[in-house]
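Peer 1: The structure file my_file.txt (compact mmCIF, C-alpha atoms) is provided below.
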```
# COMPACT_ATOMS: atom_id res chain seq x y z
CA MET A 1 -84.67 -25.29 21.34
CA ASN A 2 -85.38 -27.71 18.51
CA THR A 3 -88.20 -30.02 19.59
CA SER A 4 -86.30 -33.10 18.40
CA ILE A 5 -83.33 -32.14 20.60
CA VAL A 6 -85.69 -31.80 23.56
CA ASN A 7 -87.19 -35.21 22.80
CA LEU A 8 -83.74 -36.77 22.52
CA TYR A 9 -82.69 -35.31 25.88
CA GLN A 10 -85.85 -36.54 27.54
CA LEU A 11 -85.60 -40.10 26.21
CA ALA A 12 -81.93 -40.25 27.22
CA SER A 13 -83.07 -39.49 30.77
CA LYS A 14 -85.77 -42.18 30.87
CA GLU A 15 -85.39 -45.30 32.98
CA GLU A 16 -86.19 -47.46 29.95
CA ARG A 17 -86.51 -47.02 26.21
CA LEU A 18 -88.33 -48.81 23.40
CA ILE A 19 -85.82 -49.24 20.60
CA ILE A 20 -86.22 -50.95 17.24
CA GLY A 21 -83.01 -52.64 16.12
CA LEU A 22 -82.52 -53.43 12.43
CA MET A 23 -80.17 -55.83 10.70
CA SER A 24 -79.82 -56.62 7.01
CA GLY A 25 -77.05 -59.09 6.38
CA THR A 26 -75.02 -60.20 3.40
CA SER A 27 -77.49 -62.99 2.65
CA LEU A 28 -80.02 -60.36 1.52
CA ASP A 29 -82.89 -62.52 2.69
CA GLY A 30 -84.75 -59.76 4.48
CA LEU A 31 -84.75 -57.12 7.20
CA ASP A 32 -84.56 -58.31 10.80
CA ILE A 33 -86.69 -56.02 13.00
CA ALA A 34 -86.37 -56.41 16.77
CA LEU A 35 -88.45 -54.38 19.22
CA CYS A 36 -86.50 -54.15 22.46
CA ARG A 37 -87.30 -52.69 25.85
CA ILE A 38 -83.95 -51.57 27.25
CA LYS A 39 -83.38 -50.48 30.83
CA GLY A 40 -80.23 -48.80 32.11
CA ALA A 41 -76.88 -48.67 30.32
CA GLY A 42 -73.40 -50.12 30.61
CA ASP A 43 -73.12 -53.23 32.73
CA GLN A 44 -76.55 -52.38 34.18
CA THR A 45 -78.20 -52.86 30.78
CA GLU A 46 -81.28 -55.10 30.73
CA VAL A 47 -82.88 -56.08 27.42
CA GLU A 48 -86.28 -57.60 26.84
CA LEU A 49 -87.12 -58.67 23.30
CA LEU A 50 -90.78 -57.76 22.92
CA ASN A 51 -91.29 -58.59 19.25
CA PHE A 52 -89.23 -59.86 16.36
CA ILE A 53 -89.92 -60.38 12.69
CA CYS A 54 -87.86 -60.83 9.54
CA LYS A 55 -89.54 -59.02 6.67
CA ASP A 56 -88.59 -60.74 3.43
CA TYR A 57 -87.15 -58.71 0.56
CA ASP A 58 -88.74 -59.16 -2.85
CA GLN A 59 -86.55 -60.44 -5.65
CA SER A 60 -86.36 -57.11 -7.48
CA PHE A 61 -84.93 -55.44 -4.36
CA ARG A 62 -82.32 -58.20 -3.95
CA ASP A 63 -81.35 -57.82 -7.59
CA GLN A 64 -80.93 -54.07 -7.19
CA VAL A 65 -78.64 -54.46 -4.19
CA ARG A 66 -76.62 -57.17 -5.94
CA GLU A 67 -75.76 -54.62 -8.65
CA VAL A 68 -73.42 -52.94 -6.17
CA PHE A 69 -72.86 -55.60 -3.51
CA ALA A 70 -69.18 -56.44 -2.85
CA LYS A 71 -68.14 -55.11 -6.28
CA ARG A 72 -65.22 -52.76 -6.93
CA ASP A 73 -66.69 -51.39 -10.14
CA VAL A 74 -70.28 -50.13 -9.88
CA ASP A 75 -72.57 -47.58 -11.50
CA GLN A 76 -72.32 -44.44 -9.34
CA GLN A 77 -75.88 -43.37 -10.08
CA THR A 78 -77.19 -46.75 -8.91
CA LEU A 79 -75.04 -46.62 -5.78
CA CYS A 80 -76.23 -43.09 -4.98
CA GLY A 81 -79.89 -43.90 -5.54
CA LEU A 82 -79.76 -47.08 -3.48
CA HIS A 83 -78.62 -45.14 -0.41
CA ALA A 84 -82.04 -43.49 -0.28
CA HIS A 85 -84.00 -46.41 -1.77
CA ILE A 86 -82.81 -48.96 0.78
CA ALA A 87 -83.69 -46.56 3.58
CA LEU A 88 -87.20 -46.03 2.24
CA VAL A 89 -87.75 -49.78 1.82
CA HIS A 90 -86.56 -50.33 5.39
CA ALA A 91 -88.81 -47.53 6.66
CA ASP A 92 -91.84 -49.12 4.96
CA LEU A 93 -91.00 -52.49 6.52
CA ILE A 94 -90.70 -50.88 9.96
CA LEU A 95 -94.11 -49.27 9.57
CA GLU A 96 -95.56 -52.62 8.48
CA ALA A 97 -94.07 -54.30 11.54
CA LEU A 98 -95.49 -51.64 13.86
CA LYS A 99 -98.92 -52.18 12.31
CA ASP A 100 -98.54 -55.95 12.76
CA TRP A 101 -97.73 -55.37 16.45
CA GLY A 102 -100.54 -52.89 17.04
CA LEU A 103 -98.13 -50.04 17.73
CA LYS A 104 -97.69 -46.50 16.44
CA ALA A 105 -94.50 -44.61 15.62
CA ALA A 106 -95.12 -42.40 18.64
CA ASP A 107 -94.73 -45.46 20.89
CA ILE A 108 -91.09 -45.96 19.80
CA ASP A 109 -88.18 -43.97 21.21
CA LEU A 110 -85.44 -44.84 18.72
CA ILE A 111 -84.59 -46.82 15.61
CA ALA A 112 -81.12 -48.37 15.40
CA SER A 113 -80.38 -49.08 11.73
CA HIS A 114 -77.33 -51.05 10.66
CA GLY A 115 -78.05 -50.45 6.98
CA GLN A 116 -76.94 -52.74 4.15
CA THR A 117 -73.23 -53.39 3.85
CA VAL A 118 -72.21 -53.21 0.20
CA TYR A 119 -68.43 -52.98 0.60
CA HIS A 120 -65.97 -53.63 3.40
CA ALA A 121 -62.41 -52.45 2.83
CA PRO A 122 -60.04 -52.55 5.80
CA GLN A 123 -56.39 -52.21 4.83
CA SER A 124 -55.77 -55.74 6.07
CA LEU A 125 -58.11 -56.98 3.32
CA THR A 126 -57.29 -54.57 0.49
CA GLY A 127 -53.54 -54.27 1.10
CA ASP A 128 -53.86 -50.62 0.04
CA ARG A 129 -52.09 -48.39 2.58
CA SER A 130 -52.80 -45.20 0.61
CA LEU A 131 -56.41 -45.21 1.85
CA PRO A 132 -57.67 -45.64 5.43
CA ASN A 133 -59.77 -48.54 6.70
CA SER A 134 -63.24 -48.13 5.25
CA THR A 135 -66.65 -49.72 4.99
CA LEU A 136 -69.91 -48.68 3.33
CA GLN A 137 -73.44 -49.34 4.55
CA LEU A 138 -76.32 -48.00 2.45
CA GLY A 139 -79.65 -46.89 3.93
CA ASP A 140 -79.67 -43.20 4.85
CA GLY A 141 -80.78 -42.51 8.43
CA ASP A 142 -82.47 -39.21 7.57
CA HIS A 143 -84.81 -40.93 5.13
CA ILE A 144 -85.77 -43.52 7.76
CA ALA A 145 -86.30 -40.85 10.42
CA VAL A 146 -88.44 -38.62 8.21
CA LYS A 147 -90.59 -41.42 6.80
CA THR A 148 -91.22 -43.13 10.14
CA GLY A 149 -91.26 -40.03 12.34
CA ILE A 150 -88.83 -41.75 14.76
CA ILE A 151 -85.37 -40.55 15.81
CA THR A 152 -82.93 -42.84 14.02
CA LEU A 153 -79.34 -43.83 14.74
CA SER A 154 -77.43 -45.27 11.79
CA ASP A 155 -73.99 -45.69 10.22
CA PHE A 156 -72.57 -47.22 13.41
CA ARG A 157 -69.39 -48.54 11.85
CA GLN A 158 -67.94 -45.17 10.89
CA LYS A 159 -67.11 -44.14 14.48
CA HIS A 160 -65.33 -47.46 14.99
CA LEU A 161 -63.21 -46.68 11.91
CA ALA A 162 -62.59 -43.08 12.93
CA ALA A 163 -61.36 -44.21 16.34
CA GLY A 164 -58.84 -46.63 14.84
CA GLY A 165 -60.85 -49.83 14.38
CA GLU A 166 -61.65 -51.76 11.20
CA GLY A 167 -65.41 -51.19 11.36
CA ALA A 168 -66.15 -54.82 12.29
CA PRO A 169 -67.15 -56.88 14.06
CA LEU A 170 -69.21 -54.70 16.40
CA ALA A 171 -70.92 -57.54 18.26
CA ALA A 172 -68.30 -57.39 21.01
CA TYR A 173 -69.84 -54.26 22.52
CA GLY A 174 -73.32 -55.60 23.16
CA ASP A 175 -72.05 -59.09 23.92
CA TYR A 176 -69.65 -57.73 26.54
CA LEU A 177 -72.33 -55.65 28.25
CA LEU A 178 -75.03 -58.32 28.30
CA PHE A 179 -73.52 -61.77 28.30
CA SER A 180 -70.27 -61.76 30.29
CA SER A 181 -70.60 -64.48 32.94
CA PRO A 182 -69.07 -64.94 36.39
CA LYS A 183 -69.34 -68.72 35.94
CA GLU A 184 -67.91 -69.59 32.52
CA ASN A 185 -65.82 -68.47 29.58
CA ARG A 186 -68.04 -68.00 26.55
CA ILE A 187 -67.68 -68.11 22.78
CA LEU A 188 -70.64 -66.36 21.16
CA LEU A 189 -70.55 -67.62 17.57
CA ASN A 190 -72.59 -65.87 14.91
CA ILE A 191 -72.85 -67.58 11.53
CA GLY A 192 -74.09 -65.02 9.06
CA GLY A 193 -72.71 -64.46 5.58
CA ILE A 194 -69.35 -64.24 7.33
CA SER A 195 -68.77 -66.18 10.55
CA ASN A 196 -67.53 -64.34 13.61
CA PHE A 197 -67.37 -64.81 17.34
CA THR A 198 -67.01 -62.84 20.54
CA PHE A 199 -64.79 -64.32 23.23
CA LEU A 200 -66.02 -63.41 26.71
CA PRO A 201 -63.67 -64.48 29.52
CA LYS A 202 -65.17 -65.31 32.87
CA LYS A 203 -65.64 -62.16 34.96
CA GLY A 204 -62.55 -61.60 37.11
CA SER A 205 -60.28 -63.29 34.56
CA THR A 206 -57.03 -61.67 33.44
CA MET A 207 -57.98 -62.44 29.81
CA GLU A 208 -59.53 -59.76 27.60
CA ALA A 209 -62.77 -59.94 25.67
CA TYR A 210 -62.53 -59.56 21.90
CA ALA A 211 -64.50 -60.14 18.71
CA THR A 212 -63.17 -61.40 15.41
CA ASP A 213 -64.29 -62.54 12.01
CA LEU A 214 -63.34 -66.10 11.11
CA GLY A 215 -64.10 -66.42 7.42
CA PRO A 216 -67.01 -67.70 5.31
CA GLY A 217 -70.28 -68.57 6.97
CA ASN A 218 -73.24 -68.76 4.59
CA THR A 219 -72.16 -66.31 1.88
CA MET A 220 -70.34 -68.66 -0.50
CA MET A 221 -72.93 -71.40 -0.12
CA ASN A 222 -75.76 -68.94 -0.77
CA GLN A 223 -74.07 -67.46 -3.83
CA PHE A 224 -73.42 -70.93 -5.24
CA MET A 225 -77.04 -71.98 -4.66
CA PHE A 226 -78.35 -68.86 -6.39
CA LYS A 227 -76.12 -69.35 -9.43
CA HIS A 228 -76.57 -73.10 -9.89
CA TYR A 229 -80.05 -73.75 -8.46
CA GLY A 230 -81.80 -70.36 -8.52
CA GLN A 231 -82.37 -70.63 -4.76
CA GLU A 232 -81.35 -68.16 -2.05
CA MET A 233 -79.93 -70.87 0.23
CA ASP A 234 -79.41 -74.60 0.67
CA LYS A 235 -82.41 -75.08 2.94
CA ASP A 236 -81.75 -77.78 5.55
CA ALA A 237 -78.46 -78.50 3.70
CA THR A 238 -80.45 -80.63 1.26
CA ILE A 239 -77.99 -80.27 -1.63
CA ALA A 240 -74.84 -80.49 0.50
CA LYS A 241 -76.08 -83.72 2.08
CA GLN A 242 -76.37 -85.27 -1.40
CA GLY A 243 -72.72 -84.59 -2.18
CA SER A 244 -69.32 -85.69 -0.95
CA ILE A 245 -66.55 -83.48 0.40
CA HIS A 246 -63.75 -83.12 -2.14
CA GLN A 247 -60.63 -83.08 0.00
CA THR A 248 -58.38 -81.59 -2.68
CA LEU A 249 -60.75 -78.67 -3.22
CA LEU A 250 -61.18 -78.23 0.53
CA ALA A 251 -57.41 -77.99 0.93
CA GLU A 252 -57.28 -75.37 -1.85
CA LEU A 253 -60.07 -73.34 -0.22
CA GLU A 254 -58.22 -73.40 3.10
CA TYR A 255 -55.03 -72.13 1.45
CA GLU A 256 -55.67 -68.44 2.16
CA GLU A 257 -53.47 -66.00 4.07
CA PHE A 258 -56.40 -64.40 5.91
CA LEU A 259 -57.23 -67.66 7.66
CA ASN A 260 -53.81 -67.67 9.35
CA LEU A 261 -53.83 -64.05 10.53
CA PRO A 262 -53.93 -63.49 14.31
CA PHE A 263 -57.15 -62.50 16.06
CA PRO A 264 -58.92 -60.11 15.98
CA LYS A 265 -59.35 -59.64 12.22
CA THR A 266 -62.10 -58.80 9.79
CA THR A 267 -63.12 -59.85 6.29
CA GLY A 268 -66.15 -60.00 4.00
CA PRO A 269 -67.66 -61.31 0.77
CA GLU A 270 -65.17 -59.08 -1.04
CA LEU A 271 -62.74 -61.98 -0.43
CA PHE A 272 -64.90 -65.04 0.18
CA ASN A 273 -67.20 -65.22 -2.84
CA LEU A 274 -67.89 -67.21 -6.01
CA ASP A 275 -64.79 -65.81 -7.73
CA TYR A 276 -62.74 -67.22 -4.86
CA LEU A 277 -64.38 -70.62 -5.28
CA GLU A 278 -64.01 -70.69 -9.05
CA GLN A 279 -60.33 -69.78 -8.83
CA LYS A 280 -59.75 -72.57 -6.31
CA ILE A 281 -61.63 -75.05 -8.53
CA GLU A 282 -59.37 -74.03 -11.42
CA ASP A 283 -56.25 -74.32 -9.23
CA ALA A 284 -57.32 -77.84 -8.23
CA ASP A 285 -58.12 -78.77 -11.86
CA LEU A 286 -61.67 -79.71 -10.89
CA ILE A 287 -63.70 -77.90 -13.55
CA SER A 288 -66.04 -80.91 -13.88
CA ILE A 289 -66.86 -81.16 -10.15
CA GLN A 290 -70.53 -81.95 -9.51
CA PRO A 291 -72.56 -79.13 -7.94
CA GLU A 292 -73.64 -81.22 -4.96
CA ASP A 293 -70.00 -82.10 -4.24
CA ALA A 294 -69.05 -78.43 -4.48
CA MET A 295 -71.82 -77.61 -1.99
CA ALA A 296 -70.73 -80.34 0.41
CA THR A 297 -67.18 -78.99 0.22
CA LEU A 298 -68.29 -75.39 0.77
CA ASN A 299 -70.28 -76.50 3.80
CA ALA A 300 -67.18 -78.27 5.16
CA PHE A 301 -65.04 -75.21 4.39
CA SER A 302 -67.26 -72.99 6.53
CA ALA A 303 -67.37 -75.61 9.28
CA GLN A 304 -63.60 -76.16 9.32
CA THR A 305 -62.89 -72.43 9.29
CA ILE A 306 -65.13 -72.02 12.33
CA ILE A 307 -63.77 -75.09 14.13
CA LYS A 308 -60.11 -74.20 13.61
CA GLY A 309 -60.74 -70.61 14.68
CA ILE A 310 -62.43 -71.67 17.91
CA GLU A 311 -59.71 -74.27 18.61
CA LYS A 312 -57.13 -71.52 18.21
CA ALA A 313 -59.04 -69.16 20.54
CA THR A 314 -59.56 -71.80 23.23
CA ALA A 315 -56.18 -73.54 23.12
CA GLY A 316 -55.42 -74.64 26.67
CA LEU A 317 -58.88 -73.58 27.82
CA ASP A 318 -61.22 -76.46 28.69
CA ASP A 319 -63.72 -74.34 30.61
CA PHE A 320 -65.82 -72.72 27.88
CA GLN A 321 -69.28 -72.92 26.35
CA LEU A 322 -70.21 -72.16 22.75
CA TYR A 323 -73.47 -70.35 21.94
CA VAL A 324 -74.59 -70.09 18.30
CA SER A 325 -76.75 -67.52 16.51
CA GLY A 326 -77.28 -66.39 12.90
CA GLY A 327 -78.67 -68.07 9.82
CA GLY A 328 -76.07 -70.83 9.94
CA LEU A 329 -77.75 -72.16 13.07
CA HIS A 330 -80.47 -73.50 10.74
CA ASN A 331 -77.99 -75.46 8.59
CA PRO A 332 -78.05 -78.89 10.24
CA LEU A 333 -74.98 -80.24 8.44
CA LEU A 334 -72.91 -77.21 9.41
CA ILE A 335 -73.98 -77.37 13.05
CA GLU A 336 -73.44 -81.13 13.19
CA GLN A 337 -69.80 -80.70 12.22
CA ILE A 338 -69.24 -77.97 14.81
CA ALA A 339 -71.00 -79.95 17.54
CA THR A 340 -68.92 -83.03 16.73
CA ALA A 341 -65.74 -80.99 17.15
CA PHE A 342 -66.88 -79.59 20.52
CA PRO A 343 -68.93 -82.28 22.29
CA ASP A 344 -71.33 -81.03 24.97
CA LYS A 345 -70.33 -77.41 24.42
CA VAL A 346 -72.57 -76.21 21.55
CA GLN A 347 -75.93 -74.63 22.34
CA SER A 348 -78.36 -72.30 20.63
CA PHE A 349 -78.10 -68.69 21.73
CA GLU A 350 -81.71 -69.01 22.83
CA VAL A 351 -80.59 -70.48 26.17
CA LEU A 352 -79.15 -67.04 26.99
CA GLY A 353 -82.61 -65.51 26.69
CA ILE A 354 -82.66 -63.97 23.21
CA ASN A 355 -84.00 -65.40 19.96
CA PRO A 356 -80.80 -66.30 18.04
CA ASP A 357 -82.27 -64.94 14.80
CA ALA A 358 -82.89 -61.59 16.50
CA LYS A 359 -79.55 -61.27 18.23
CA GLU A 360 -77.76 -58.97 15.77
CA ALA A 361 -80.73 -56.61 15.49
CA CYS A 362 -80.92 -56.50 19.30
CA LEU A 363 -77.21 -55.69 19.52
CA PHE A 364 -77.68 -52.60 17.36
CA ALA A 365 -80.52 -51.51 19.63
CA ILE A 366 -78.03 -51.80 22.50
CA LEU A 367 -75.48 -49.69 20.62
CA ALA A 368 -78.11 -47.01 20.09
CA ASN A 369 -79.01 -47.14 23.77
CA GLU A 370 -75.36 -46.65 24.72
CA SER A 371 -75.10 -43.68 22.36
CA VAL A 372 -77.93 -41.79 24.03
CA ALA A 373 -77.71 -43.02 27.63
CA GLY A 374 -74.35 -44.73 28.05
CA ASN A 375 -70.67 -43.86 28.26
CA PRO A 376 -67.61 -44.96 26.26
CA GLU A 377 -66.00 -46.12 29.51
CA ASN A 378 -68.59 -48.91 29.63
CA VAL A 379 -66.75 -50.75 26.83
CA GLN A 380 -63.12 -49.91 27.50
CA ASN A 381 -61.96 -53.46 28.26
CA ILE A 382 -62.42 -55.01 24.82
CA GLN A 383 -59.21 -55.92 22.99
CA ASP A 384 -58.45 -53.82 19.89
CA SER A 385 -61.91 -52.23 19.99
CA PRO A 386 -62.00 -48.46 20.58
CA ALA A 387 -64.05 -47.32 23.57
CA VAL A 388 -66.63 -45.26 21.70
CA CYS A 389 -70.36 -44.67 21.43
CA MET A 390 -71.50 -45.23 17.85
CA GLY A 391 -74.27 -44.10 15.53
CA LYS A 392 -75.19 -40.90 13.73
CA ILE A 393 -78.40 -39.31 14.96
CA SER A 394 -81.10 -38.33 12.45
CA MET A 395 -84.08 -36.27 13.56
CA PRO A 396 -87.50 -36.76 11.94
CA TYR A 397 -88.04 -33.01 11.49
```
Represent the structure of the file as structure tokens.

Peer 2:
Amino acid sequence: MNTSIVNLYQLASKEERLIIGLMSGTSLDGLDIALCRIKGAGDQTEVELLNFICKDYDQSFRDQVREVFAKRDVDQQTLCGLHAHIALVHADLILEALKDWGLKAADIDLIASHGQTVYHAPQSLTGDRSLPNSTLQLGDGDHIAVKTGIITLSDFRQKHLAAGGEGAPLAAYGDYLLFSSPKENRILLNIGGISNFTFLPKKGSTMEAYATDLGPGNTMMNQFMFKHYGQEMDKDATIAKQGSIHQTLLAELEYEEFLNLPFPKTTGPELFNLDYLEQKIEDADLISIQPEDAMATLNAFSAQTIIKGIEKATAGLDDFQLYVSGGGLHNPLLIEQIATAFPDKVQSFEVLGINPDAKEACLFAILANESVAGNPENVQNIQDSPAVCMGKISMPY
């Protein structure tokens, strides 16, 4: 029998596994690397975050990815080459992290690699019924497995699509297994490039858990900052705080069919991007708007999208708590608006025992754990989410 198959069988039978979870989001700031010790599976899953680091991308790498990111028309040779290149960059960053932590590849059981999303195309977003729901994440699992010497699970979203889902959001699976509470209803809000949340009803409730995208999180603000200020983000909301919200532009930004669709739903920077903003500015006849006012308005747009989405999800439900993770947690102006809308309900995800910056990487480690040691029945009670185990397995040799 192939030695890698033997190793996979043996690690699936272990009481606990060391799994590295990876996440590279639409902000393109770097690769989140989370080293997790995971015991059990299903509702018996226990996760301990042993180490976490975000390895920054250099500017040339960001520029390469931006050549194909969220664009309908791209150079096929560049797209093809990036599938391997991104994987090799990620593999190098994993090896650097292991060295930083004093570990060897042989110490790690699995890598769970999300890859880099470059296009997300569910029918609900494209309107094209001639093609199925689709999404594309670059970063080939075989390249990661061979370069690191560690069995790698990747391309998680494809099984979700194949089983009838839209490929996103996947957070519901790990959230449901780890953070469902017998004491309270929970909204687990993640503010990445796109904002999304998982609704977890109190255990024993007749309500169903589900996850949904809401709309823009950081992506439009980041793109605007890069174009107008040459910066990757509005650190500490410095620029947005200098501006004033333009109510006419805000109303134009909020005039979008997606925002009124029922939950669950999914979207991406294919819709919410600088082209979207510039069209809305033109529609509002605001070509001369000051950049700081545009930033203040974008910040409010993300905040209002999140607030209205959560109000919709919790209508008639007073008993809930809101836990926040993702890069948007570090935007004080954004969080202030959300906290004002939900007094005494907003907390950092850290109070649930996991570094909020590491949460998404940890969740992919959990998905990998379920694929090798779990069962699809463990996640069968999530609304509109197929009960599947996800991730393609790549052997190092």

Peer 1: Which of these residues is nearest to A:Val89, using all atoms listed in the file: A:Asp73, A:Asp43, A:Asp140, A:Glu336?

Peer 2: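 Under the stated criterion, the closest residue is A:Asp140.
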
Peer 1: State, in Å with one decimal place, the distance from atom CA of A:Cys80 to atom CA of A:Gln158.

Peer 2: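 These atoms are spaced 18.0 Å apart.
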
Peer 1: Build an axis-aligned box that encloses every atom of stretch 31-45 of chain A listed in the file, pad it by 6 Å on each side, and report its centre and edge lengths in Å to one decimal, as JSON.

Peer 2:
```
{"center_x": -80.8, "center_y": -53.5, "center_z": 20.7, "size_x": 27.3, "size_y": 21.6, "size_z": 39.0}
```

Peer 1: Restricting the calculation to all atoms listed in the file: of A:Leu334, A:Ile382, A:Leu298, A:Lys345, which residue gets closest to A:Ser180?

Peer 2: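 Counting all atoms listed in the file, the residue closest to A:Ser180 is A:Ile382.
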
Peer 1: Show me, as number ranges by chain, the residues that have an atom within 10 Å of A:Asp155 when counting all atoms listed in the file, minus same-chain residues fewer than 3 positions from it.

Peer 2: A: 112-116, 135-141, 158-159, 390-393

Peer 1: So which one's closest to A:Ser124, A:Asp32, A:Asp109, A:Glu257, A:Asp100? Using all atoms listed in the file, please.

Peer 2: A:Glu257

Peer 1: Ranking A:Gln279, A:Ser205, A:Gln231, A:Thr248 by minimum distance to A:Gln59 and counting all atoms listed in the file, which one comes first?

Peer 2: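 Result for the nearest residue to A:Gln59: A:Gln231.
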
Peer 1: Just the residues within 12 Å of A:Val351, please, counting only C-alpha atoms, with nothing from its chain fewer than 3 positions along; format it as a tab-separated table (two decimals) with C-alpha atoms, keeping the file's coordinate frame.

Peer 2:
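This is the output file out.tsv:
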```tsv
chain	number	residue	atom	x	y	z
A	179	PHE	CA	-73.52	-61.77	28.30
A	188	LEU	CA	-70.64	-66.36	21.16
A	321	GLN	CA	-69.28	-72.92	26.35
A	322	LEU	CA	-70.21	-72.16	22.75
A	323	TYR	CA	-73.47	-70.35	21.94
A	324	VAL	CA	-74.59	-70.09	18.30
A	325	SER	CA	-76.75	-67.52	16.51
A	346	VAL	CA	-72.57	-76.21	21.55
A	347	GLN	CA	-75.93	-74.63	22.34
A	348	SER	CA	-78.36	-72.30	20.63
A	354	ILE	CA	-82.66	-63.97	23.21
A	355	ASN	CA	-84.00	-65.40	19.96
A	356	PRO	CA	-80.80	-66.30	18.04
```

Peer 1: Could you pull the residues within 12 Å of stretch 61-65 of chain A, counting only C-alpha atoms, minus those fewer than 3 positions along the same chain, as a ChimeraX atom specification?

Peer 2: /A:24-31,56-58,68-71,74-75,78-83,85-90,115-119,137-139,226,232

Peer 1: Residues within 9 Å of A:Ser244, please, as a ChimeraX atom specification. Count all atoms listed in the file; anything in the same chain fewer than 3 positions from it doesn't count.

Peer 2: /A:240-241,292-297

Peer 1: Considering only C-alpha atoms, can you say which of A:Leu200, A:Ala34, A:Ala172, A:Leu103 comes closest to A:His160?

Peer 2: A:Ala172

Peer 1: Between A:Ile33, A:Leu170, A:Ala84, A:Ala41, which is the closest to A:Ser13 once you count only C-alpha atoms?

Peer 2: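 Using only C-alpha atoms, the shortest distance to A:Ser13 belongs to A:Ala41.
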
Peer 1: Determine, for each residue of stretch 105-195 of chain A having at least one atom at most 10 Å from an atom of stretch 270-273 of chain A, the closest pair of atoms and their separation in Å to one decimal, counting only C-alpha atoms; order by chain and ascending number, as JSON lines.

Peer 2:
```
{"residue": "A:Val118", "atom": "CA", "partner": "A:Glu270", "partner_atom": "CA", "distance": 9.2}
{"residue": "A:Tyr119", "atom": "CA", "partner": "A:Glu270", "partner_atom": "CA", "distance": 7.1}
{"residue": "A:His120", "atom": "CA", "partner": "A:Glu270", "partner_atom": "CA", "distance": 7.1}
{"residue": "A:Ala121", "atom": "CA", "partner": "A:Glu270", "partner_atom": "CA", "distance": 8.2}
{"residue": "A:Leu125", "atom": "CA", "partner": "A:Leu271", "partner_atom": "CA", "distance": 7.8}
{"residue": "A:Thr126", "atom": "CA", "partner": "A:Glu270", "partner_atom": "CA", "distance": 9.2}
{"residue": "A:Gly193", "atom": "CA", "partner": "A:Phe272", "partner_atom": "CA", "distance": 9.5}
{"residue": "A:Ile194", "atom": "CA", "partner": "A:Phe272", "partner_atom": "CA", "distance": 8.5}
```
